[in-house]
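Q: Please find data_1.txt (compact mmCIF, N, CA and C atoms) on the next line:
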```
# COMPACT_ATOMS: atom_id res chain seq x y z
N MET C 66 114.59 159.29 109.94
CA MET C 66 114.16 159.81 111.23
C MET C 66 113.61 158.70 112.11
N ILE C 67 112.85 157.79 111.51
CA ILE C 67 112.28 156.69 112.29
C ILE C 67 113.37 155.77 112.80
N ASP C 68 114.36 155.50 111.96
CA ASP C 68 115.45 154.63 112.38
C ASP C 68 116.22 155.22 113.55
N ALA C 69 116.43 156.52 113.55
CA ALA C 69 117.13 157.18 114.66
C ALA C 69 116.33 157.08 115.94
N ALA C 70 115.01 157.20 115.85
CA ALA C 70 114.15 157.09 117.03
C ALA C 70 114.21 155.67 117.60
N ARG C 71 114.23 154.67 116.73
CA ARG C 71 114.34 153.28 117.20
C ARG C 71 115.67 153.04 117.90
N LEU C 72 116.72 153.61 117.35
CA LEU C 72 118.04 153.45 117.95
C LEU C 72 118.07 154.06 119.35
N VAL C 73 117.49 155.23 119.53
CA VAL C 73 117.45 155.88 120.84
C VAL C 73 116.64 155.03 121.81
N VAL C 74 115.51 154.51 121.40
CA VAL C 74 114.68 153.67 122.26
C VAL C 74 115.44 152.42 122.66
N ARG C 75 116.16 151.80 121.73
CA ARG C 75 116.94 150.60 122.04
C ARG C 75 118.02 150.90 123.06
N ARG C 76 118.71 152.01 122.90
CA ARG C 76 119.74 152.38 123.87
C ARG C 76 119.14 152.59 125.25
N VAL C 77 118.00 153.24 125.31
CA VAL C 77 117.34 153.47 126.60
C VAL C 77 116.95 152.13 127.23
N ASN C 78 116.40 151.22 126.43
CA ASN C 78 116.01 149.91 126.95
C ASN C 78 117.21 149.13 127.48
N VAL C 79 118.33 149.19 126.78
CA VAL C 79 119.53 148.48 127.23
C VAL C 79 120.01 149.08 128.55
N ARG C 80 120.01 150.41 128.65
CA ARG C 80 120.43 151.04 129.89
C ARG C 80 119.50 150.69 131.04
N LEU C 81 118.20 150.70 130.78
CA LEU C 81 117.25 150.33 131.84
C LEU C 81 117.44 148.88 132.26
N MET C 82 117.68 148.00 131.29
CA MET C 82 117.87 146.60 131.58
C MET C 82 119.12 146.41 132.45
N CYS C 83 120.18 147.12 132.14
CA CYS C 83 121.42 147.01 132.90
C CYS C 83 121.30 147.68 134.26
N ALA C 84 120.47 148.70 134.35
CA ALA C 84 120.32 149.42 135.62
C ALA C 84 119.55 148.59 136.64
N ARG C 85 118.63 147.75 136.17
CA ARG C 85 117.88 146.90 137.10
C ARG C 85 118.78 145.83 137.68
N LYS C 86 118.50 145.48 138.90
CA LYS C 86 119.27 144.43 139.56
C LYS C 86 118.85 143.09 138.95
N ARG C 87 119.79 142.39 138.36
CA ARG C 87 119.53 141.09 137.74
C ARG C 87 120.22 140.00 138.54
N ASN C 88 119.56 138.90 138.65
CA ASN C 88 120.13 137.75 139.34
C ASN C 88 120.62 136.76 138.30
N LEU C 89 121.84 136.99 137.82
CA LEU C 89 122.43 136.09 136.83
C LEU C 89 123.12 134.95 137.56
N GLN C 90 122.96 133.76 137.01
CA GLN C 90 123.55 132.61 137.67
C GLN C 90 123.96 131.58 136.63
N TYR C 91 125.20 131.13 136.74
CA TYR C 91 125.66 130.04 135.89
C TYR C 91 125.24 128.73 136.55
N THR C 92 124.85 127.77 135.73
CA THR C 92 124.54 126.44 136.24
C THR C 92 125.28 125.42 135.38
N PHE C 93 125.42 124.23 135.90
CA PHE C 93 126.10 123.18 135.15
C PHE C 93 125.58 121.82 135.60
N ARG C 94 125.80 120.85 134.74
CA ARG C 94 125.52 119.45 135.07
C ARG C 94 126.83 118.70 134.96
N LEU C 95 127.15 118.01 136.00
CA LEU C 95 128.41 117.28 136.05
C LEU C 95 128.14 115.79 136.01
N TYR C 96 128.87 115.10 135.16
CA TYR C 96 128.76 113.64 135.07
C TYR C 96 130.16 113.05 135.08
N LEU C 97 130.30 111.95 135.76
CA LEU C 97 131.52 111.17 135.70
C LEU C 97 131.24 110.02 134.75
N ASN C 98 132.03 109.93 133.69
CA ASN C 98 131.82 108.90 132.68
C ASN C 98 132.91 107.85 132.77
N VAL C 99 132.56 106.64 132.36
CA VAL C 99 133.54 105.56 132.24
C VAL C 99 133.33 104.93 130.87
N ASP C 100 134.40 104.86 130.11
CA ASP C 100 134.35 104.31 128.76
C ASP C 100 133.23 104.93 127.93
N GLY C 101 133.05 106.23 128.06
CA GLY C 101 132.06 106.97 127.28
C GLY C 101 130.63 106.84 127.77
N GLN C 102 130.41 106.16 128.88
CA GLN C 102 129.06 106.01 129.42
C GLN C 102 128.97 106.69 130.78
N ARG C 103 127.81 107.30 131.04
CA ARG C 103 127.62 107.96 132.33
C ARG C 103 127.67 106.95 133.46
N LEU C 104 128.43 107.30 134.46
CA LEU C 104 128.55 106.45 135.64
C LEU C 104 127.89 107.10 136.84
N LEU C 105 128.17 108.39 137.02
CA LEU C 105 127.70 109.06 138.22
C LEU C 105 127.35 110.51 137.91
N GLY C 106 126.19 110.91 138.36
CA GLY C 106 125.73 112.29 138.25
C GLY C 106 125.19 112.72 139.60
N LYS C 107 124.48 113.82 139.61
CA LYS C 107 123.95 114.35 140.86
C LYS C 107 123.01 113.35 141.55
N GLY C 108 122.10 112.76 140.79
CA GLY C 108 121.16 111.80 141.36
C GLY C 108 121.84 110.55 141.88
N GLY C 109 122.84 110.07 141.14
CA GLY C 109 123.60 108.90 141.58
C GLY C 109 124.39 109.19 142.85
N ALA C 110 124.94 110.39 142.93
CA ALA C 110 125.66 110.78 144.15
C ALA C 110 124.70 110.82 145.34
N GLN C 111 123.50 111.31 145.11
CA GLN C 111 122.50 111.32 146.19
C GLN C 111 122.14 109.91 146.62
N ILE C 112 122.03 109.00 145.66
CA ILE C 112 121.74 107.60 146.00
C ILE C 112 122.86 107.02 146.86
N LEU C 113 124.11 107.20 146.43
CA LEU C 113 125.23 106.66 147.21
C LEU C 113 125.27 107.26 148.61
N GLU C 114 125.05 108.57 148.71
CA GLU C 114 125.06 109.22 150.03
C GLU C 114 123.95 108.68 150.92
N ALA C 115 122.77 108.49 150.36
CA ALA C 115 121.63 107.99 151.16
C ALA C 115 121.86 106.54 151.58
N VAL C 116 122.38 105.72 150.68
CA VAL C 116 122.68 104.32 151.05
C VAL C 116 123.71 104.31 152.17
N ASP C 117 124.72 105.17 152.07
CA ASP C 117 125.75 105.25 153.10
C ASP C 117 125.16 105.71 154.43
N GLU C 118 124.28 106.69 154.38
CA GLU C 118 123.69 107.23 155.61
C GLU C 118 122.73 106.25 156.27
N TYR C 119 121.85 105.63 155.49
CA TYR C 119 120.80 104.79 156.06
C TYR C 119 121.17 103.32 156.12
N GLY C 120 122.20 102.90 155.41
CA GLY C 120 122.61 101.50 155.44
C GLY C 120 121.59 100.57 154.82
N SER C 121 120.76 101.12 153.94
CA SER C 121 119.69 100.34 153.35
C SER C 121 119.29 100.95 152.01
N ILE C 122 119.14 100.10 151.01
CA ILE C 122 118.69 100.58 149.70
C ILE C 122 117.24 101.03 149.78
N ALA C 123 116.43 100.27 150.50
CA ALA C 123 115.01 100.61 150.62
C ALA C 123 114.83 101.95 151.33
N ALA C 124 115.56 102.16 152.43
CA ALA C 124 115.45 103.42 153.17
C ALA C 124 115.99 104.59 152.34
N ALA C 125 117.05 104.35 151.59
CA ALA C 125 117.61 105.40 150.74
C ALA C 125 116.61 105.78 149.66
N ALA C 126 116.00 104.78 149.03
CA ALA C 126 115.01 105.05 147.98
C ALA C 126 113.83 105.82 148.54
N GLU C 127 113.37 105.42 149.71
CA GLU C 127 112.23 106.11 150.32
C GLU C 127 112.58 107.56 150.65
N GLU C 128 113.74 107.77 151.21
CA GLU C 128 114.18 109.13 151.57
C GLU C 128 114.28 110.02 150.33
N LEU C 129 114.75 109.46 149.23
CA LEU C 129 114.93 110.22 148.00
C LEU C 129 113.66 110.26 147.14
N GLU C 130 112.61 109.61 147.62
CA GLU C 130 111.35 109.51 146.89
C GLU C 130 111.56 108.91 145.51
N MET C 131 112.36 107.85 145.48
CA MET C 131 112.61 107.07 144.28
C MET C 131 112.10 105.66 144.54
N SER C 132 111.80 104.95 143.48
CA SER C 132 111.37 103.57 143.68
C SER C 132 112.58 102.72 144.05
N TYR C 133 112.32 101.65 144.78
CA TYR C 133 113.39 100.72 145.14
C TYR C 133 114.02 100.16 143.87
N LYS C 134 113.19 99.81 142.90
CA LYS C 134 113.68 99.22 141.65
C LYS C 134 114.61 100.18 140.92
N PHE C 135 114.24 101.46 140.82
CA PHE C 135 115.10 102.44 140.15
C PHE C 135 116.44 102.53 140.87
N THR C 136 116.41 102.61 142.20
CA THR C 136 117.63 102.73 143.00
C THR C 136 118.50 101.50 142.82
N TRP C 137 117.90 100.33 142.93
CA TRP C 137 118.63 99.08 142.76
C TRP C 137 119.23 99.00 141.36
N ASP C 138 118.44 99.30 140.35
CA ASP C 138 118.92 99.26 138.96
C ASP C 138 120.07 100.22 138.73
N TYR C 139 120.02 101.39 139.36
CA TYR C 139 121.10 102.37 139.21
C TYR C 139 122.40 101.79 139.77
N LEU C 140 122.32 101.17 140.94
CA LEU C 140 123.51 100.58 141.57
C LEU C 140 124.05 99.41 140.75
N ILE C 141 123.15 98.62 140.18
CA ILE C 141 123.57 97.50 139.32
C ILE C 141 124.24 98.04 138.05
N ARG C 142 123.68 99.10 137.47
CA ARG C 142 124.27 99.71 136.27
C ARG C 142 125.68 100.23 136.58
N MET C 143 125.86 100.83 137.74
CA MET C 143 127.19 101.30 138.13
C MET C 143 128.16 100.12 138.23
N ARG C 144 127.70 99.03 138.84
CA ARG C 144 128.56 97.84 139.00
C ARG C 144 128.98 97.29 137.63
N ARG C 145 128.04 97.23 136.71
CA ARG C 145 128.34 96.69 135.38
C ARG C 145 129.32 97.59 134.62
N ARG C 146 129.15 98.88 134.74
CA ARG C 146 130.03 99.80 134.01
C ARG C 146 131.44 99.85 134.60
N LEU C 147 131.52 99.66 135.92
CA LEU C 147 132.83 99.66 136.58
C LEU C 147 133.50 98.29 136.57
N HIS C 148 132.72 97.25 136.35
CA HIS C 148 133.19 95.86 136.45
C HIS C 148 133.63 95.51 137.86
N GLN C 149 133.00 96.17 138.83
CA GLN C 149 133.21 95.84 140.24
C GLN C 149 132.06 96.40 141.06
N PRO C 150 131.79 95.79 142.20
CA PRO C 150 130.64 96.22 143.00
C PRO C 150 130.84 97.60 143.63
N VAL C 151 129.72 98.31 143.80
CA VAL C 151 129.74 99.60 144.49
C VAL C 151 129.08 99.51 145.85
N ILE C 152 128.37 98.39 146.10
CA ILE C 152 127.74 98.16 147.39
C ILE C 152 127.99 96.72 147.84
N VAL C 153 127.90 96.51 149.13
CA VAL C 153 127.93 95.17 149.72
C VAL C 153 126.67 95.04 150.53
N THR C 154 125.89 94.01 150.24
CA THR C 154 124.64 93.80 150.98
C THR C 154 124.85 92.69 152.00
N HIS C 155 124.18 92.85 153.12
CA HIS C 155 124.23 91.87 154.20
C HIS C 155 122.82 91.36 154.42
N ARG C 156 122.66 90.07 154.36
CA ARG C 156 121.34 89.47 154.50
C ARG C 156 120.85 89.62 155.94
N GLY C 157 119.57 89.90 156.07
CA GLY C 157 118.97 90.02 157.40
C GLY C 157 117.95 88.92 157.62
N GLY C 158 117.11 89.12 158.60
CA GLY C 158 116.04 88.16 158.87
C GLY C 158 116.47 87.08 159.84
N THR C 159 115.79 85.93 159.76
CA THR C 159 116.06 84.83 160.69
C THR C 159 116.65 83.65 159.93
N ARG C 160 117.45 82.88 160.63
CA ARG C 160 118.02 81.65 160.07
C ARG C 160 117.85 80.55 161.10
N ASN C 161 117.28 79.45 160.68
CA ASN C 161 117.08 78.30 161.56
C ASN C 161 116.31 78.69 162.82
N GLY C 162 115.36 79.59 162.64
CA GLY C 162 114.53 79.99 163.76
C GLY C 162 115.18 80.96 164.72
N LYS C 163 116.42 81.33 164.48
CA LYS C 163 117.12 82.26 165.36
C LYS C 163 117.21 83.62 164.68
N LYS C 164 116.90 84.64 165.44
CA LYS C 164 116.97 85.99 164.89
C LYS C 164 118.42 86.42 164.79
N LYS C 165 118.80 86.85 163.60
CA LYS C 165 120.18 87.28 163.34
C LYS C 165 120.30 88.79 163.20
N GLY C 166 119.20 89.49 163.24
CA GLY C 166 119.25 90.93 163.07
C GLY C 166 118.93 91.33 161.64
N GLY C 167 118.81 92.62 161.43
CA GLY C 167 118.44 93.12 160.12
C GLY C 167 119.60 93.10 159.15
N GLY C 168 119.26 93.15 157.90
CA GLY C 168 120.28 93.21 156.86
C GLY C 168 120.78 94.63 156.73
N GLY C 169 121.57 94.84 155.73
CA GLY C 169 122.08 96.19 155.52
C GLY C 169 122.88 96.28 154.25
N THR C 170 123.25 97.49 153.91
CA THR C 170 124.02 97.75 152.70
C THR C 170 125.10 98.77 153.03
N THR C 171 126.29 98.52 152.58
CA THR C 171 127.39 99.47 152.76
C THR C 171 128.03 99.75 151.40
N LEU C 172 128.67 100.88 151.30
CA LEU C 172 129.39 101.24 150.08
C LEU C 172 130.76 100.57 150.08
N THR C 173 131.21 100.21 148.90
CA THR C 173 132.56 99.67 148.77
C THR C 173 133.55 100.84 148.77
N PRO C 174 134.82 100.55 149.00
CA PRO C 174 135.82 101.64 148.96
C PRO C 174 135.83 102.39 147.63
N ILE C 175 135.62 101.70 146.52
CA ILE C 175 135.61 102.39 145.21
C ILE C 175 134.43 103.35 145.13
N ALA C 176 133.28 102.95 145.65
CA ALA C 176 132.10 103.83 145.64
C ALA C 176 132.35 105.07 146.49
N ARG C 177 132.96 104.87 147.65
CA ARG C 177 133.28 106.02 148.52
C ARG C 177 134.26 106.96 147.83
N ALA C 178 135.26 106.40 147.16
CA ALA C 178 136.25 107.23 146.47
C ALA C 178 135.62 108.00 145.31
N LEU C 179 134.78 107.33 144.53
CA LEU C 179 134.09 107.99 143.42
C LEU C 179 133.19 109.12 143.92
N LEU C 180 132.45 108.84 144.99
CA LEU C 180 131.56 109.85 145.57
C LEU C 180 132.35 111.05 146.07
N LYS C 181 133.45 110.79 146.75
CA LYS C 181 134.29 111.88 147.27
C LYS C 181 134.84 112.73 146.12
N GLU C 182 135.37 112.07 145.09
CA GLU C 182 135.92 112.79 143.94
C GLU C 182 134.84 113.59 143.21
N PHE C 183 133.66 113.00 143.07
CA PHE C 183 132.57 113.69 142.40
C PHE C 183 132.19 114.95 143.16
N ARG C 184 132.01 114.85 144.48
CA ARG C 184 131.61 116.01 145.28
C ARG C 184 132.71 117.07 145.29
N GLU C 185 133.97 116.67 145.34
CA GLU C 185 135.07 117.65 145.31
C GLU C 185 135.11 118.38 143.96
N THR C 186 134.91 117.65 142.88
CA THR C 186 134.89 118.27 141.55
C THR C 186 133.69 119.21 141.43
N GLU C 187 132.57 118.79 141.99
CA GLU C 187 131.36 119.63 141.97
C GLU C 187 131.61 120.96 142.71
N ARG C 188 132.24 120.88 143.88
CA ARG C 188 132.56 122.10 144.65
C ARG C 188 133.54 122.98 143.88
N PHE C 189 134.55 122.37 143.28
CA PHE C 189 135.54 123.10 142.50
C PHE C 189 134.87 123.86 141.36
N MET C 190 134.01 123.19 140.62
CA MET C 190 133.31 123.82 139.50
C MET C 190 132.39 124.94 139.99
N GLN C 191 131.71 124.71 141.10
CA GLN C 191 130.81 125.73 141.64
C GLN C 191 131.59 126.98 142.05
N ASN C 192 132.77 126.79 142.64
CA ASN C 192 133.60 127.94 143.02
C ASN C 192 134.03 128.74 141.80
N ILE C 193 134.43 128.06 140.74
CA ILE C 193 134.83 128.75 139.51
C ILE C 193 133.64 129.53 138.94
N LEU C 194 132.48 128.90 138.89
CA LEU C 194 131.32 129.58 138.31
C LEU C 194 130.83 130.74 139.18
N THR C 195 130.99 130.63 140.48
CA THR C 195 130.62 131.74 141.37
C THR C 195 131.50 132.96 141.08
N LYS C 196 132.78 132.73 140.87
CA LYS C 196 133.70 133.83 140.54
C LYS C 196 133.32 134.45 139.19
N ARG C 197 133.03 133.62 138.21
CA ARG C 197 132.62 134.13 136.90
C ARG C 197 131.30 134.88 137.00
N GLN C 198 130.41 134.40 137.83
CA GLN C 198 129.12 135.06 138.01
C GLN C 198 129.30 136.46 138.56
N ARG C 199 130.19 136.61 139.53
CA ARG C 199 130.46 137.94 140.09
C ARG C 199 131.06 138.87 139.03
N ALA C 200 131.99 138.33 138.26
CA ALA C 200 132.63 139.14 137.20
C ALA C 200 131.60 139.56 136.15
N THR C 201 130.72 138.65 135.79
CA THR C 201 129.68 138.97 134.81
C THR C 201 128.74 140.03 135.35
N ALA C 202 128.35 139.89 136.60
CA ALA C 202 127.45 140.88 137.22
C ALA C 202 128.10 142.26 137.24
N ARG C 203 129.39 142.31 137.54
CA ARG C 203 130.10 143.60 137.55
C ARG C 203 130.17 144.19 136.16
N SER C 204 130.43 143.37 135.17
CA SER C 204 130.60 143.90 133.81
C SER C 204 129.30 144.41 133.21
N ILE C 205 128.16 143.83 133.56
CA ILE C 205 126.91 144.33 133.00
C ILE C 205 126.32 145.45 133.84
N SER C 206 126.76 145.58 135.08
CA SER C 206 126.20 146.66 135.91
C SER C 206 126.93 147.98 135.67
N SER C 207 128.13 147.93 135.12
CA SER C 207 128.82 149.19 134.82
C SER C 207 128.36 149.72 133.46
N PRO C 208 128.12 151.04 133.38
CA PRO C 208 127.60 151.64 132.14
C PRO C 208 128.53 151.58 130.98
```
Can you dump the structure from the file as C-alpha cells?

A:
Amino acid sequence: MIDAARLVVRRVNVRLMCARKRNLQYTFRLYLNVDGQRLLGKGGAQILEAVDEYGSIAAAAEELEMSYKFTWDYLIRMRRRLHQPVIVTHRGGTRNGKKKGGGGTTLTPIARALLKEFRETERFMQNILTKRQRATARSISSP
C-alpha cells in the first residue's frame, strides 16, 4: 500500500513539473584547435574583435577588462600555434624629434579568416541548438 502511494505521488510530481513553464536551454563551448591544441575560443574571438575595432592591444585589453599581458600572451600563443602572425603592430611615438603619430595593431588576413569562420560556426551551432531546444520544450510540455 505504501509503495502504491509513493508511485501516485511521483506521478503527480512529474505532471506538476511538466505543467510548469520551464526555461530549458542548451549551451555549448566552441573551440578551434590546431594540432590538438586550443587556438581560438570565445575569449580569443573577443580579443581579436576588440583589437580589430580599437587598433590597439592596450585599448582592446582595457575594453575587455583583461590585462595587457594576458592579451599579448594570448596573441603570441596563437602565433606560435599557427606558425604565423595573427597581428601586425605599427610603432608609434617620435623619431628624431619628429612626431610620427601613434602606433597601432591590425589583424592579419589569417586572423580575420579564423575569426570569421569561428563566428559563422558559432552561429550555425546556436541555430541547431535553438531548434533542438524548441523540440525539447514541446516534448516535455505535452502530457

Q: Just give me the gap between atom CA of Gly167 of chain C and atom CA of Met131 of chain C in Å, one decimal is fine.

A: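 Separation of atom CA of Gly167 of chain C and atom CA of Met131 of chain C: 21.9 Å.
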
Q: Find the residue from C:Arg184, C:Lys134, C:Arg144, C:Arg156 that sits nearest to Thr170 of chain C; use only C-alpha atoms when measuring.

A: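 Under the stated criterion, the closest residue is C:Arg156.
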
Q: Which one is closest to Val153 of chain C: C:Leu172, C:Leu140, C:Ala200, C:Ala126? Count only N, CA and C atoms.

A: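 Looking at the shortest contact to Val153 of chain C, the residue is C:Leu172.
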
Q: Separation of atom N of Gln111 of chain C and atom N of Asn88 of chain C, in Å?

A: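 Interatomic distance, atom N of Gln111 of chain C to atom N of Asn88 of chain C: 28.6 Å.
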
Q: From the set C:Ala110, C:Ile141, C:Ile152, C:Leu89, which residue has the shortest atom-to-atom contact distance to Phe183 of chain C, counting all atoms listed in the file?

A: C:Ala110

Q: Just to confirm, what's the straight-line distance from atom N of Pro150 of chain C to atom CA of Tyr96 of chain C in Å (one decimal)?

A: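 Between these atoms lies a distance of 19.5 Å.
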
Q: Between C:Gln90, C:Gly120, C:Glu127, C:Glu182, which is the closest to Leu105 of chain C once you count only C-alpha atoms?

A: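 Ranking C:Gln90, C:Gly120, C:Glu127, C:Glu182 by distance to Leu105 of chain C, first place goes to C:Glu182.
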
Q: Any chance you could list, as JSON, numbers by chain, the residues in segment 111-149 of chain C that come up alpha helix (DSSP H) when DSSP is run on the backbone?

A: {"C": [111, 112, 113, 114, 115, 116, 117, 118, 119, 122, 123, 124, 125, 126, 127, 128, 133, 134, 135, 136, 137, 138, 139, 140, 141, 142, 143, 144, 145, 146, 147]}
